[in-house]
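Pasted below: coords.txt, compact mmCIF, N, CA and C atoms.
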```txt
# COMPACT_ATOMS: atom_id res chain seq x y z
N MET L 198 85.24 -65.66 42.36
CA MET L 198 85.98 -65.69 41.12
C MET L 198 86.03 -64.27 40.57
N GLU L 199 87.12 -63.93 39.94
CA GLU L 199 87.32 -62.61 39.38
C GLU L 199 87.51 -62.72 37.88
N LYS L 200 86.98 -61.75 37.14
CA LYS L 200 87.11 -61.76 35.69
C LYS L 200 88.19 -60.74 35.30
N LEU L 201 89.05 -61.14 34.38
CA LEU L 201 90.16 -60.30 33.95
C LEU L 201 90.24 -60.30 32.44
N THR L 202 90.39 -59.13 31.87
CA THR L 202 90.56 -59.01 30.43
C THR L 202 91.98 -58.51 30.17
N ILE L 203 92.70 -59.23 29.31
CA ILE L 203 94.07 -58.83 28.99
C ILE L 203 94.26 -58.81 27.48
N ASN L 204 95.14 -57.95 27.03
CA ASN L 204 95.50 -57.89 25.61
C ASN L 204 96.83 -58.61 25.44
N ILE L 205 96.84 -59.61 24.59
CA ILE L 205 98.03 -60.44 24.38
C ILE L 205 98.49 -60.27 22.94
N PRO L 206 99.79 -60.08 22.72
CA PRO L 206 100.30 -60.00 21.35
C PRO L 206 99.96 -61.28 20.59
N GLU L 207 99.67 -61.15 19.30
CA GLU L 207 99.25 -62.28 18.46
C GLU L 207 100.20 -63.48 18.57
N LYS L 208 101.48 -63.24 18.60
CA LYS L 208 102.47 -64.33 18.59
C LYS L 208 102.53 -65.08 19.92
N LYS L 209 101.99 -64.49 20.98
CA LYS L 209 102.10 -65.09 22.32
C LYS L 209 100.80 -65.69 22.83
N ILE L 210 99.71 -65.61 22.06
CA ILE L 210 98.40 -66.07 22.53
C ILE L 210 98.43 -67.53 22.96
N THR L 211 98.97 -68.39 22.12
CA THR L 211 98.99 -69.82 22.42
C THR L 211 99.75 -70.11 23.70
N LEU L 212 100.91 -69.50 23.84
CA LEU L 212 101.75 -69.71 25.02
C LEU L 212 101.04 -69.25 26.29
N VAL L 213 100.47 -68.06 26.24
CA VAL L 213 99.80 -67.49 27.41
C VAL L 213 98.59 -68.34 27.80
N LYS L 214 97.81 -68.79 26.80
CA LYS L 214 96.66 -69.64 27.09
C LYS L 214 97.09 -70.96 27.73
N GLN L 215 98.19 -71.54 27.25
CA GLN L 215 98.71 -72.79 27.82
C GLN L 215 99.07 -72.61 29.29
N ILE L 216 99.79 -71.54 29.56
CA ILE L 216 100.24 -71.28 30.94
C ILE L 216 99.03 -71.05 31.84
N LEU L 217 98.09 -70.26 31.38
CA LEU L 217 96.91 -69.98 32.20
C LEU L 217 96.08 -71.23 32.46
N LYS L 218 95.93 -72.08 31.46
CA LYS L 218 95.18 -73.33 31.65
C LYS L 218 95.86 -74.23 32.66
N GLU L 219 97.20 -74.29 32.63
CA GLU L 219 97.95 -75.09 33.60
C GLU L 219 97.76 -74.57 35.01
N LEU L 220 97.52 -73.27 35.14
CA LEU L 220 97.30 -72.67 36.46
C LEU L 220 95.84 -72.80 36.90
N GLY L 221 95.00 -73.39 36.05
CA GLY L 221 93.61 -73.61 36.42
C GLY L 221 92.68 -72.47 36.05
N VAL L 222 93.13 -71.61 35.17
CA VAL L 222 92.32 -70.47 34.74
C VAL L 222 91.34 -70.93 33.66
N THR L 223 90.09 -70.50 33.80
CA THR L 223 89.08 -70.80 32.79
C THR L 223 89.10 -69.69 31.75
N ILE L 224 89.24 -70.07 30.49
CA ILE L 224 89.29 -69.07 29.42
C ILE L 224 87.97 -69.13 28.66
N GLU L 225 87.27 -68.00 28.64
CA GLU L 225 86.00 -67.90 27.93
C GLU L 225 86.20 -67.19 26.61
N GLN L 226 85.54 -67.67 25.60
CA GLN L 226 85.58 -67.00 24.31
C GLN L 226 84.61 -65.82 24.36
N GLU L 227 85.06 -64.67 23.98
CA GLU L 227 84.18 -63.49 23.99
C GLU L 227 83.28 -63.51 22.78
N THR L 228 81.99 -63.49 23.04
CA THR L 228 81.04 -63.47 21.94
C THR L 228 80.49 -62.06 21.71
N HIS L 229 80.69 -61.20 22.67
CA HIS L 229 80.15 -59.85 22.56
C HIS L 229 81.19 -58.84 22.10
N THR L 230 82.31 -59.28 21.58
CA THR L 230 83.35 -58.35 21.13
C THR L 230 82.84 -57.43 20.04
N LEU L 231 82.11 -57.99 19.11
CA LEU L 231 81.60 -57.16 18.02
C LEU L 231 80.63 -56.12 18.54
N LYS L 232 79.79 -56.50 19.49
CA LYS L 232 78.84 -55.56 20.05
C LYS L 232 79.55 -54.44 20.78
N SER L 233 80.57 -54.77 21.57
CA SER L 233 81.25 -53.75 22.34
C SER L 233 82.04 -52.81 21.44
N SER L 234 82.67 -53.34 20.39
CA SER L 234 83.40 -52.45 19.49
C SER L 234 82.43 -51.55 18.73
N TYR L 235 81.24 -52.09 18.42
CA TYR L 235 80.22 -51.29 17.76
C TYR L 235 79.74 -50.18 18.68
N LYS L 236 79.56 -50.50 19.96
CA LYS L 236 79.13 -49.50 20.93
C LYS L 236 80.19 -48.41 21.08
N GLU L 237 81.47 -48.81 21.10
CA GLU L 237 82.56 -47.83 21.21
C GLU L 237 82.55 -46.87 20.03
N LYS L 238 82.32 -47.40 18.84
CA LYS L 238 82.28 -46.54 17.66
C LYS L 238 81.12 -45.57 17.74
N LEU L 239 79.99 -46.04 18.24
CA LEU L 239 78.81 -45.17 18.35
C LEU L 239 79.02 -44.06 19.37
N THR L 240 79.76 -44.33 20.43
CA THR L 240 79.99 -43.29 21.43
C THR L 240 80.90 -42.19 20.90
N GLU L 241 81.65 -42.48 19.85
CA GLU L 241 82.54 -41.48 19.27
C GLU L 241 81.83 -40.59 18.24
N VAL L 242 80.58 -40.90 17.91
CA VAL L 242 79.83 -40.11 16.96
C VAL L 242 79.43 -38.80 17.64
N SER L 243 79.69 -37.70 16.98
CA SER L 243 79.36 -36.41 17.59
C SER L 243 77.86 -36.15 17.52
N LYS L 244 77.39 -35.42 18.48
CA LYS L 244 75.98 -35.07 18.54
C LYS L 244 75.86 -33.57 18.29
N TRP L 245 74.98 -33.20 17.37
CA TRP L 245 74.82 -31.81 17.00
C TRP L 245 73.49 -31.30 17.54
N SER L 246 73.54 -30.16 18.19
CA SER L 246 72.31 -29.56 18.70
C SER L 246 71.74 -28.63 17.62
N GLU L 247 70.55 -28.13 17.86
CA GLU L 247 69.92 -27.19 16.92
C GLU L 247 70.78 -25.94 16.78
N ASP L 248 71.38 -25.49 17.88
CA ASP L 248 72.24 -24.30 17.82
C ASP L 248 73.48 -24.55 16.96
N ASP L 249 74.00 -25.76 17.01
CA ASP L 249 75.16 -26.10 16.18
C ASP L 249 74.80 -26.05 14.70
N LEU L 250 73.57 -26.43 14.37
CA LEU L 250 73.15 -26.48 12.97
C LEU L 250 72.75 -25.11 12.43
N LYS L 251 72.46 -24.16 13.31
CA LYS L 251 72.05 -22.82 12.86
C LYS L 251 73.15 -22.15 12.05
N ILE L 252 74.39 -22.39 12.38
CA ILE L 252 75.49 -21.76 11.66
C ILE L 252 75.52 -22.19 10.20
N PHE L 253 75.10 -23.43 9.92
CA PHE L 253 75.04 -23.90 8.54
C PHE L 253 73.92 -23.20 7.77
N ASP L 254 72.78 -23.01 8.42
CA ASP L 254 71.68 -22.28 7.79
C ASP L 254 72.09 -20.85 7.50
N PHE L 255 72.78 -20.23 8.46
CA PHE L 255 73.25 -18.86 8.28
C PHE L 255 74.21 -18.78 7.09
N GLY L 256 75.14 -19.72 7.02
CA GLY L 256 76.10 -19.74 5.91
C GLY L 256 75.42 -19.97 4.57
N LYS L 257 74.42 -20.83 4.53
CA LYS L 257 73.70 -21.11 3.29
C LYS L 257 72.95 -19.88 2.82
N LYS L 258 72.28 -19.20 3.76
CA LYS L 258 71.54 -17.99 3.41
C LYS L 258 72.49 -16.91 2.91
N ALA L 259 73.63 -16.76 3.57
CA ALA L 259 74.61 -15.76 3.15
C ALA L 259 75.15 -16.09 1.76
N PHE L 260 75.39 -17.34 1.49
CA PHE L 260 75.90 -17.76 0.19
C PHE L 260 74.85 -17.55 -0.90
N ASP L 261 73.57 -17.81 -0.58
CA ASP L 261 72.49 -17.63 -1.55
C ASP L 261 72.28 -16.17 -1.92
N THR L 262 72.64 -15.25 -1.02
CA THR L 262 72.44 -13.82 -1.32
C THR L 262 73.54 -13.25 -2.19
N LEU L 263 74.62 -13.97 -2.38
CA LEU L 263 75.70 -13.47 -3.23
C LEU L 263 75.25 -13.45 -4.69
N LYS L 264 75.57 -12.41 -5.35
CA LYS L 264 75.26 -12.27 -6.78
C LYS L 264 76.57 -12.25 -7.55
N PRO L 265 76.64 -12.98 -8.64
CA PRO L 265 77.87 -12.97 -9.43
C PRO L 265 78.09 -11.59 -10.10
N GLN L 266 79.32 -11.20 -10.13
CA GLN L 266 79.64 -9.91 -10.74
C GLN L 266 79.61 -10.06 -12.26
N LYS L 267 79.15 -8.99 -12.91
CA LYS L 267 79.15 -8.98 -14.37
C LYS L 267 80.45 -8.32 -14.84
N TRP L 268 80.99 -8.86 -15.88
CA TRP L 268 82.25 -8.33 -16.42
C TRP L 268 81.98 -7.32 -17.47
```

Encoded form using structure tokens:
Amino acid sequence: MEKLTINIPEKKITLVKQILKELGVTIEQETHTLKSSYKEKLTEVSKWSEDDLKIFDFGKKAFDTLKPQKW
């Protein structure tokens, strides 16, 4: 048996499910959809190294050394 995942337009879901059932296809309800979408979102989160963060420390120190001009 082979597993297949397809994206079906909202308006055609009922029709496609009917046709597939008539052909003897077993349709399983996905229970892990929320987990997989959560995992996808987590993989898109950027990872910052210590070297990446050093530039912020440098900028903060440079900004702290600025003195306001007197008029």

Inset, instruction - Could you tell me how far atom N of L:Glu207 lies from atom N of L:Glu219, in Å and to one decimal? - result: 18.9 Å

Legend entry - Residues of chain L in alpha helix (DSSP H), written as number ranges by chain: L: 210-219, 230-240, 247-261

Output of the above residues as an mmCIF file, keeping the file's coordinate frame, restricted to N, CA and C atoms:
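For reference, selection05.cif as written:
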```
data_model
loop_
_atom_site.group_PDB
_atom_site.id
_atom_site.type_symbol
_atom_site.label_atom_id
_atom_site.label_comp_id
_atom_site.auth_asym_id
_atom_site.auth_seq_id
_atom_site.Cartn_x
_atom_site.Cartn_y
_atom_site.Cartn_z
ATOM 1 N N ILE L 210 99.710 -65.610 22.060
ATOM 2 C CA ILE L 210 98.400 -66.070 22.530
ATOM 3 C C ILE L 210 98.430 -67.530 22.960
ATOM 4 N N THR L 211 98.970 -68.390 22.120
ATOM 5 C CA THR L 211 98.990 -69.820 22.420
ATOM 6 C C THR L 211 99.750 -70.110 23.700
ATOM 7 N N LEU L 212 100.910 -69.500 23.840
ATOM 8 C CA LEU L 212 101.750 -69.710 25.020
ATOM 9 C C LEU L 212 101.040 -69.250 26.290
ATOM 10 N N VAL L 213 100.470 -68.060 26.240
ATOM 11 C CA VAL L 213 99.800 -67.490 27.410
ATOM 12 C C VAL L 213 98.590 -68.340 27.800
ATOM 13 N N LYS L 214 97.810 -68.790 26.800
ATOM 14 C CA LYS L 214 96.660 -69.640 27.090
ATOM 15 C C LYS L 214 97.090 -70.960 27.730
ATOM 16 N N GLN L 215 98.190 -71.540 27.250
ATOM 17 C CA GLN L 215 98.710 -72.790 27.820
ATOM 18 C C GLN L 215 99.070 -72.610 29.290
ATOM 19 N N ILE L 216 99.790 -71.540 29.560
ATOM 20 C CA ILE L 216 100.240 -71.280 30.940
ATOM 21 C C ILE L 216 99.030 -71.050 31.840
ATOM 22 N N LEU L 217 98.090 -70.260 31.380
ATOM 23 C CA LEU L 217 96.910 -69.980 32.200
ATOM 24 C C LEU L 217 96.080 -71.230 32.460
ATOM 25 N N LYS L 218 95.930 -72.080 31.460
ATOM 26 C CA LYS L 218 95.180 -73.330 31.650
ATOM 27 C C LYS L 218 95.860 -74.230 32.660
ATOM 28 N N GLU L 219 97.200 -74.290 32.630
ATOM 29 C CA GLU L 219 97.950 -75.090 33.600
ATOM 30 C C GLU L 219 97.760 -74.570 35.010
ATOM 31 N N THR L 230 82.310 -59.280 21.580
ATOM 32 C CA THR L 230 83.350 -58.350 21.130
ATOM 33 C C THR L 230 82.840 -57.430 20.040
ATOM 34 N N LEU L 231 82.110 -57.990 19.110
ATOM 35 C CA LEU L 231 81.600 -57.160 18.020
ATOM 36 C C LEU L 231 80.630 -56.120 18.540
ATOM 37 N N LYS L 232 79.790 -56.500 19.490
ATOM 38 C CA LYS L 232 78.840 -55.560 20.050
ATOM 39 C C LYS L 232 79.550 -54.440 20.780
ATOM 40 N N SER L 233 80.570 -54.770 21.570
ATOM 41 C CA SER L 233 81.250 -53.750 22.340
ATOM 42 C C SER L 233 82.040 -52.810 21.440
ATOM 43 N N SER L 234 82.670 -53.340 20.390
ATOM 44 C CA SER L 234 83.400 -52.450 19.490
ATOM 45 C C SER L 234 82.430 -51.550 18.730
ATOM 46 N N TYR L 235 81.240 -52.090 18.420
ATOM 47 C CA TYR L 235 80.220 -51.290 17.760
ATOM 48 C C TYR L 235 79.740 -50.180 18.680
ATOM 49 N N LYS L 236 79.560 -50.500 19.960
ATOM 50 C CA LYS L 236 79.130 -49.500 20.930
ATOM 51 C C LYS L 236 80.190 -48.410 21.080
ATOM 52 N N GLU L 237 81.470 -48.810 21.100
ATOM 53 C CA GLU L 237 82.560 -47.830 21.210
ATOM 54 C C GLU L 237 82.550 -46.870 20.030
ATOM 55 N N LYS L 238 82.320 -47.400 18.840
ATOM 56 C CA LYS L 238 82.280 -46.540 17.660
ATOM 57 C C LYS L 238 81.120 -45.570 17.740
ATOM 58 N N LEU L 239 79.990 -46.040 18.240
ATOM 59 C CA LEU L 239 78.810 -45.170 18.350
ATOM 60 C C LEU L 239 79.020 -44.060 19.370
ATOM 61 N N THR L 240 79.760 -44.330 20.430
ATOM 62 C CA THR L 240 79.990 -43.290 21.430
ATOM 63 C C THR L 240 80.900 -42.190 20.900
ATOM 64 N N GLU L 247 70.550 -28.130 17.860
ATOM 65 C CA GLU L 247 69.920 -27.190 16.920
ATOM 66 C C GLU L 247 70.780 -25.940 16.780
ATOM 67 N N ASP L 248 71.380 -25.490 17.880
ATOM 68 C CA ASP L 248 72.240 -24.300 17.820
ATOM 69 C C ASP L 248 73.480 -24.550 16.960
ATOM 70 N N ASP L 249 74.000 -25.760 17.010
ATOM 71 C CA ASP L 249 75.160 -26.100 16.180
ATOM 72 C C ASP L 249 74.800 -26.050 14.700
ATOM 73 N N LEU L 250 73.570 -26.430 14.370
ATOM 74 C CA LEU L 250 73.150 -26.480 12.970
ATOM 75 C C LEU L 250 72.750 -25.110 12.430
ATOM 76 N N LYS L 251 72.460 -24.160 13.310
ATOM 77 C CA LYS L 251 72.050 -22.820 12.860
ATOM 78 C C LYS L 251 73.150 -22.150 12.050
ATOM 79 N N ILE L 252 74.390 -22.390 12.380
ATOM 80 C CA ILE L 252 75.490 -21.760 11.660
ATOM 81 C C ILE L 252 75.520 -22.190 10.200
ATOM 82 N N PHE L 253 75.100 -23.430 9.920
ATOM 83 C CA PHE L 253 75.040 -23.900 8.540
ATOM 84 C C PHE L 253 73.920 -23.200 7.770
ATOM 85 N N ASP L 254 72.780 -23.010 8.420
ATOM 86 C CA ASP L 254 71.680 -22.280 7.790
ATOM 87 C C ASP L 254 72.090 -20.850 7.500
ATOM 88 N N PHE L 255 72.780 -20.230 8.460
ATOM 89 C CA PHE L 255 73.250 -18.860 8.280
ATOM 90 C C PHE L 255 74.210 -18.780 7.090
ATOM 91 N N GLY L 256 75.140 -19.720 7.020
ATOM 92 C CA GLY L 256 76.100 -19.740 5.910
ATOM 93 C C GLY L 256 75.420 -19.970 4.570
ATOM 94 N N LYS L 257 74.420 -20.830 4.530
ATOM 95 C CA LYS L 257 73.700 -21.110 3.290
ATOM 96 C C LYS L 257 72.950 -19.880 2.820
ATOM 97 N N LYS L 258 72.280 -19.200 3.760
ATOM 98 C CA LYS L 258 71.540 -17.990 3.410
ATOM 99 C C LYS L 258 72.490 -16.910 2.910
ATOM 100 N N ALA L 259 73.630 -16.760 3.570
ATOM 101 C CA ALA L 259 74.610 -15.760 3.150
ATOM 102 C C ALA L 259 75.150 -16.090 1.760
ATOM 103 N N PHE L 260 75.390 -17.340 1.490
ATOM 104 C CA PHE L 260 75.900 -17.760 0.190
ATOM 105 C C PHE L 260 74.850 -17.550 -0.900
ATOM 106 N N ASP L 261 73.570 -17.810 -0.580
ATOM 107 C CA ASP L 261 72.490 -17.630 -1.550
ATOM 108 C C ASP L 261 72.280 -16.170 -1.920
#
```

Legend entry - Gap from atom CA of L:Ile252 to atom C of L:Thr240 - Å, one decimal: 23.1 Å

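One finds atom CA of L:Gly221 at 22.0 Å from atom CA of L:Lys208.
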
Inset, instruction - Select, counting only C-alpha atoms, all protein, DNA and RNA residues no farther than 10 Å from (86.1, -67.3, 35.1) in file coordinates, and express the selection as a ChimeraX atom specification. - result: /L:198-201,221-225
